[in-house]
Protein chains: 2
Amino acid sequence: MKKLINDPAHVTDESVEGFGLAHADLVAVHTDPTFISRAGGAVQGKVGLVSGGGSGHEPLHGGFVGAGMLDAAVPGAMFTSPTPDAIAPATVAANGGAGVLHIVKNYTGDVLNFETAAELADADGIEVRTVVVNDDVAVEDSLYTAGRRGVAGTLCVEKIAGAAAERGDDLAAVTAVAEKVIANVRSMGVALSACTVPHAGVPSFDLTDEEIEIGIGIHGEPGRRRVPMAPADEITSMLTTPVLDDLKLASGEKVLLLVNGMGGTPLSELYVVYRAARAIIEARGGVVERSLVGNYVTSLEMQGASVTVLRLDPELTELWDAPVTTPALRW
Amino acid sequence: MKKLINDPAHVTDESVEGFGLAHADLVAVHTDPTFISRAGGAVQGKVGLVSGGGSGHEPLHGGFVGAGMLDAAVPGAMFTSPTPDAIAPATVAANGGAGVLHIVKNYTGDVLNFETAAELADADGIEVRTVVVNDDVAVEDSLYTAGRRGVAGTLCVEKIAGAAAERGDDLAAVTAVAEKVIANVRSMGVALSACTVPHAGVPSFDLTDEEIEIGIGIHGEPGRRRVPMAPADEITSMLTTPVLDDLKLASGEKVLLLVNGMGGTPLSELYVVYRAARAIIEARGGVVERSLVGNYVTSLEMQGASVTVLRLDPELTELWDAPVTTPALRW
């Protein structure tokens with residue numbers, strides 16, 4: 001295993017510390033327990049947004065803390081759910097008196113730990129609502145999940161709900177917008193290579209030089225099937241077609257297309273995938289109104305990509321376009 | 001070779017096409033010959049900025065076209081200099097009547113081809129000046145270079161000269177600012193793995209599981225030495241110490257610290273490197289005033305990172321902070 005780390009036991013702490021130093025204008029890093037909040041603290045009167053999950057998916061979620069998006073993020077150890085004793089103080093830090101929304105990816109550990117933290121916050125008099133993101137159409141149940149997994153669509157939920165909170169929506173309204181995004185976003189990914197979790201020291205699964213895993217999870221969980229390596233256009237079709245089928249995309253509908261890198265694939269290849277996915281959407285009569293291409297919801301150094309499609313309406317488009325100022329997303 | 005591409009012969013064209021579709025609000029992609037310009041065309045009365053070089057280093061340079069940075073970028077084939085017949089029309093497209101600055105990384109092919117293109121533009125009545133970026137302290141001459149190579153410091157030159165052009169500086173003043181950045185920026189990189197150029201199909205060099213290459217070039221050119229794999233703090237010292245020595249950084253001086261990923265290294269590891277580099281700078285009495293961490297000047301899927309330090313003065317800081325709206329850099 002060759003990685004730019006020191007002791008595998010400290011990689012998350014050292015990485016988060018570096019992140020906090022590099023972005024001190026935007027975020028504050030807390031230790032014991034570890035969480036990230038906005039540099040300026042909670043915005044009084046605004047609904048607070050908190051997300052979190054295992055580390056190894058950077059910039060998710062810490063990179064999305066800032067004006068127009070999250071108020072706090074809770075990184076667990078690598079590929080390990082954060083604990084309630086970290087989520088609870090993050091919830092307090094995010095509370096501006098208008099309640100807090102927990103945005104949780106659908107993994108059993110995350111769901112349970114955010115639930116416990118919500119109960120702790122409730123006991124402190126903070127109203128908490130929760131949405132669970134489950135955009136991955138690849139498999140119905142998975143290694144760490146009952147129901148579908150939450151993957152790159154989470155970025156869309158955090159951006160759009162964040163904009164709704166910023167414009168002054170109350171907790172019920174922010175929750176409703178988040179649920180609308182979840183109802184209209186679908187994703188599917190592919191792995192060309194596995195990644196290595198530092199404390200494990202060996203790749204999380206084996207792929208030969210001739211095969212790829214269609215429907216991979218962001219922790220390397222098994223997908224739908226292994227197939228022989230194929231041209232990018234064919235692979236992109238294997239991802240985009242199930243996404244559009246599941247979304248029941250109708251001709252004339254407008255969408256946001258997010259092509260997300262798993263961490264180890266060159267940006268130039270992500271644009272090749274984007275080109276192919278866009279052609280498939282347009283062949284169905286869909287209209288790509290907004291786009292995002294890059295490494296946003298990663299699996300350490302895994303090579304591969306995912307395709308996310310969000311059905312847009314005027315409200316979602318307006319909230320997507322609203323200003324955002326975070327370490328990883330800014331406009 | 002497993003890559004998200006179709007025919008290796010078309011990967012650059014398909015990637016640039018996807019890039020143009022994804023960012024049509026910011027850039028326009030031209031074919032035959034291939035170059036990228038601002039969506040709105042040249043800004044009348046403003047000095048135009050053009051850069052370019054072999055593809056495979058994305059988002060450099062196309063990702064930096066937009067308000068506050070470049071006016072046009074010319075991508076060559078993978079790791080291959082763009083030709084004068086592409087650079088010349090890009091120069092015309094960037095010309096708003098106030099002349100054009102060519103920002104060239106120091107590789108023999110790039111320098112020669114930009115020189116020829118400048119002569120062509122001059123024959124068309126466009127005044128062109130050229131700066132050559134040579135920030136890599138690793139080696140004095142290299143595989144494709146007489147003198148030092150140009151690497152991630154190029155981003156600093158493009159951002160800061162772009163801001164100078166945007167505020168209305170004339171061609172001599174923009175050139176002087178670019179030269180000031182070049183005089184004050186140094187970089188050095190490390191590779192943990194090689195990358196594979198699509199049309200070659202095999203890794204560009206061999207590294208065992210136990211060794212790394214200190215001072216690597218962004219095309220996999222040999223660096224200073226191969227050493228055994230080491231903790232991130234030690235590797236970061238091997239990069240940062242020569243950079244600071246060459247820069248002759250004095251106590252109390254303010255710097256910008258850019259930790260750049262080579263493409264295949266997780267963001268979490270880049271922050272571990274950032275933390276270590278910052279500590280080394282501070283131990284010398286340096287003050288890290290500005291920071292950037294991410295994959296900006298890459299070598300396809302190479303695993304590794306580079307450390308860039310730019311000595312700041314109030315003018316450079318102000319120009320760095322000025323607004324920028326490009327696909328890959330925005331604030």
# chains A, B, ... in the order shown; residues from 1 in each chain; ligands from 1
>>> residues_around(residues="B:His219", least_positions_apart="2", cutoff="8 Å", atoms="only C-alpha atoms", output="number ranges by chain")
B: 79, 217, 221, 299
>>> residues_around(residues="B:Ile160", least_positions_apart="4", cutoff="8 Å", atoms="only C-alpha atoms", output="list in words")
Met69, Cys156, Ala164, Val177, Ala178, Val181, Leu316, Leu319 and Trp320 of chain B
>>> write_last_selection(atoms="N, CA, C and O atoms", output="PDB file, in the first residue's frame")
ATOM      1  N   MET B  69      -9.434  35.087 -15.710  1.00  0.00           N
ATOM      2  CA  MET B  69      -8.290  34.191 -15.912  1.00  0.00           C
ATOM      3  C   MET B  69      -7.967  34.154 -17.410  1.00  0.00           C
ATOM      4  O   MET B  69      -7.710  35.207 -17.995  1.00  0.00           O
ATOM      5  N   CYS B 156      -0.903  29.730 -10.800  1.00  0.00           N
ATOM      6  CA  CYS B 156      -0.756  31.029 -10.121  1.00  0.00           C
ATOM      7  C   CYS B 156      -0.524  32.141 -11.137  1.00  0.00           C
ATOM      8  O   CYS B 156      -1.061  33.249 -10.996  1.00  0.00           O
ATOM      9  N   ALA B 164      -4.939  40.849 -13.413  1.00  0.00           N
ATOM     10  CA  ALA B 164      -4.327  42.124 -13.830  1.00  0.00           C
ATOM     11  C   ALA B 164      -4.925  42.593 -15.153  1.00  0.00           C
ATOM     12  O   ALA B 164      -5.222  43.785 -15.331  1.00  0.00           O
ATOM     13  N   VAL B 177       3.540  41.633 -14.303  1.00  0.00           N
ATOM     14  CA  VAL B 177       2.941  40.904 -13.174  1.00  0.00           C
ATOM     15  C   VAL B 177       3.179  39.403 -13.332  1.00  0.00           C
ATOM     16  O   VAL B 177       3.524  38.712 -12.361  1.00  0.00           O
ATOM     17  N   ALA B 178       2.988  38.886 -14.549  1.00  0.00           N
ATOM     18  CA  ALA B 178       3.237  37.456 -14.791  1.00  0.00           C
ATOM     19  C   ALA B 178       4.688  37.115 -14.466  1.00  0.00           C
ATOM     20  O   ALA B 178       4.980  36.088 -13.833  1.00  0.00           O
ATOM     21  N   VAL B 181       5.218  36.867 -10.746  1.00  0.00           N
ATOM     22  CA  VAL B 181       4.772  35.575 -10.202  1.00  0.00           C
ATOM     23  C   VAL B 181       5.820  34.508 -10.491  1.00  0.00           C
ATOM     24  O   VAL B 181       6.219  33.739  -9.595  1.00  0.00           O
ATOM     25  N   LEU B 316       0.118  40.952  -5.340  1.00  0.00           N
ATOM     26  CA  LEU B 316      -0.183  39.582  -5.758  1.00  0.00           C
ATOM     27  C   LEU B 316      -1.363  39.020  -4.975  1.00  0.00           C
ATOM     28  O   LEU B 316      -2.211  38.307  -5.522  1.00  0.00           O
ATOM     29  N   LEU B 319      -4.572  40.471  -6.374  1.00  0.00           N
ATOM     30  CA  LEU B 319      -4.913  39.889  -7.676  1.00  0.00           C
ATOM     31  C   LEU B 319      -5.358  38.432  -7.531  1.00  0.00           C
ATOM     32  O   LEU B 319      -6.246  37.964  -8.244  1.00  0.00           O
ATOM     33  N   TRP B 320      -4.752  37.702  -6.596  1.00  0.00           N
ATOM     34  CA  TRP B 320      -5.196  36.323  -6.323  1.00  0.00           C
ATOM     35  C   TRP B 320      -6.640  36.324  -5.826  1.00  0.00           C
ATOM     36  O   TRP B 320      -7.448  35.472  -6.207  1.00  0.00           O
TER      37      TRP B 320
END
>>> atom_distance(atom1="atom CA of A:Val197", atom2="atom CA of A:Met78")
6.9 Å
>>> interface_residues(of="chain B", to="chain A", cutoff="8 Å", atoms="only C-alpha atoms", output="PyMOL selection string")
chain B and resi 1-7+11-12+14-19+21-23+56+58-59+192+209-210+229+231-233+235+263-275+290-293+300-301+304+330-331
>>> residues_around(residues="A:Pro89", least_positions_apart="4", cutoff="10 Å", atoms="only C-alpha atoms", output="PyMOL selection string")
chain A and resi 30+33-35+72+74+84-85+93-95+117+120-121
>>> atom_distance(atom1="atom CA of B:Ile218", atom2="atom CA of B:Gly68")
25.4 Å
>>> select_by_dssp(residues="stretch 104-172 of chain A", states="helix (DSSP H, G or I)", output="NGL selection string")
:A and (108-123 or 153-166 or 171-172)
>>> residues_around(residues="stretch 123-133 of chain A", least_positions_apart="2", cutoff="9 Å", atoms="only C-alpha atoms", output="JSON, numbers by chain")
{"A": [91, 92, 95, 97, 98, 99, 100, 101, 102, 103, 104, 105, 106, 111, 114, 115, 118, 119, 120, 121, 135, 136, 148, 149, 150, 151, 153, 154, 157, 171, 172, 175, 178, 179, 182]}
>>> closest_residue(among="A:Ala146, A:Ala9, A:Ala67, A:Val27", to="A:Arg167", atoms="only C-alpha atoms")
A:Ala67
>>> atom_distance(atom1="atom CA of B:Asp141", atom2="atom CA of B:Lys248")
20.9 Å
>>> select_by_dssp(residues="stretch 211-315 of chain A", states="strand (DSSP E)", output="VMD selection string")
chain A and resid 211 to 214 225 to 228 254 to 261 287 to 294 304 to 311
>>> write_last_selection(atoms="C-alpha atoms", output="PDB file, in the first residue's frame")
ATOM      1  CA  GLU A 211     -13.342  -6.693 -16.014  1.00  0.00           C
ATOM      2  CA  ILE A 212     -15.278  -3.847 -14.414  1.00  0.00           C
ATOM      3  CA  GLU A 213     -18.034  -3.757 -11.773  1.00  0.00           C
ATOM      4  CA  ILE A 214     -21.297  -2.177 -12.917  1.00  0.00           C
ATOM      5  CA  ARG A 225     -22.667  -7.545 -12.334  1.00  0.00           C
ATOM      6  CA  ARG A 226     -19.125  -7.812 -13.554  1.00  0.00           C
ATOM      7  CA  VAL A 227     -18.681  -7.363 -17.261  1.00  0.00           C
ATOM      8  CA  PRO A 228     -15.692  -7.280 -19.582  1.00  0.00           C
ATOM      9  CA  LYS A 254     -35.387  19.039 -18.007  1.00  0.00           C
ATOM     10  CA  VAL A 255     -32.605  17.519 -15.946  1.00  0.00           C
ATOM     11  CA  LEU A 256     -29.380  18.183 -14.121  1.00  0.00           C
ATOM     12  CA  LEU A 257     -26.608  15.792 -15.191  1.00  0.00           C
ATOM     13  CA  LEU A 258     -23.860  15.103 -12.670  1.00  0.00           C
ATOM     14  CA  VAL A 259     -20.936  12.963 -13.778  1.00  0.00           C
ATOM     15  CA  ASN A 260     -19.013  12.158 -10.635  1.00  0.00           C
ATOM     16  CA  GLY A 261     -15.539  10.679 -10.443  1.00  0.00           C
ATOM     17  CA  VAL A 287     -33.012  18.390 -21.961  1.00  0.00           C
ATOM     18  CA  VAL A 288     -29.803  18.823 -19.952  1.00  0.00           C
ATOM     19  CA  GLU A 289     -30.305  22.209 -18.319  1.00  0.00           C
ATOM     20  CA  ARG A 290     -27.583  22.058 -15.678  1.00  0.00           C
ATOM     21  CA  SER A 291     -24.334  20.099 -15.426  1.00  0.00           C
ATOM     22  CA  LEU A 292     -21.632  19.247 -12.949  1.00  0.00           C
ATOM     23  CA  VAL A 293     -18.531  17.160 -13.710  1.00  0.00           C
ATOM     24  CA  GLY A 294     -15.820  16.288 -11.203  1.00  0.00           C
ATOM     25  CA  GLY A 304     -14.539   4.778 -11.995  1.00  0.00           C
ATOM     26  CA  ALA A 305     -17.437   7.165 -12.241  1.00  0.00           C
ATOM     27  CA  SER A 306     -21.129   7.532 -11.546  1.00  0.00           C
ATOM     28  CA  VAL A 307     -23.942   9.148 -13.483  1.00  0.00           C
ATOM     29  CA  THR A 308     -26.587  11.094 -11.545  1.00  0.00           C
ATOM     30  CA  VAL A 309     -29.705  12.557 -13.140  1.00  0.00           C
ATOM     31  CA  LEU A 310     -31.994  14.966 -11.278  1.00  0.00           C
ATOM     32  CA  ARG A 311     -35.357  15.873 -12.817  1.00  0.00           C
TER      33      ARG A 311
END
>>> closest_residue(among="A:Gly63, A:Gly41, A:Gly223, A:Pro323", to="A:Val297", atoms="only C-alpha atoms")
A:Gly63
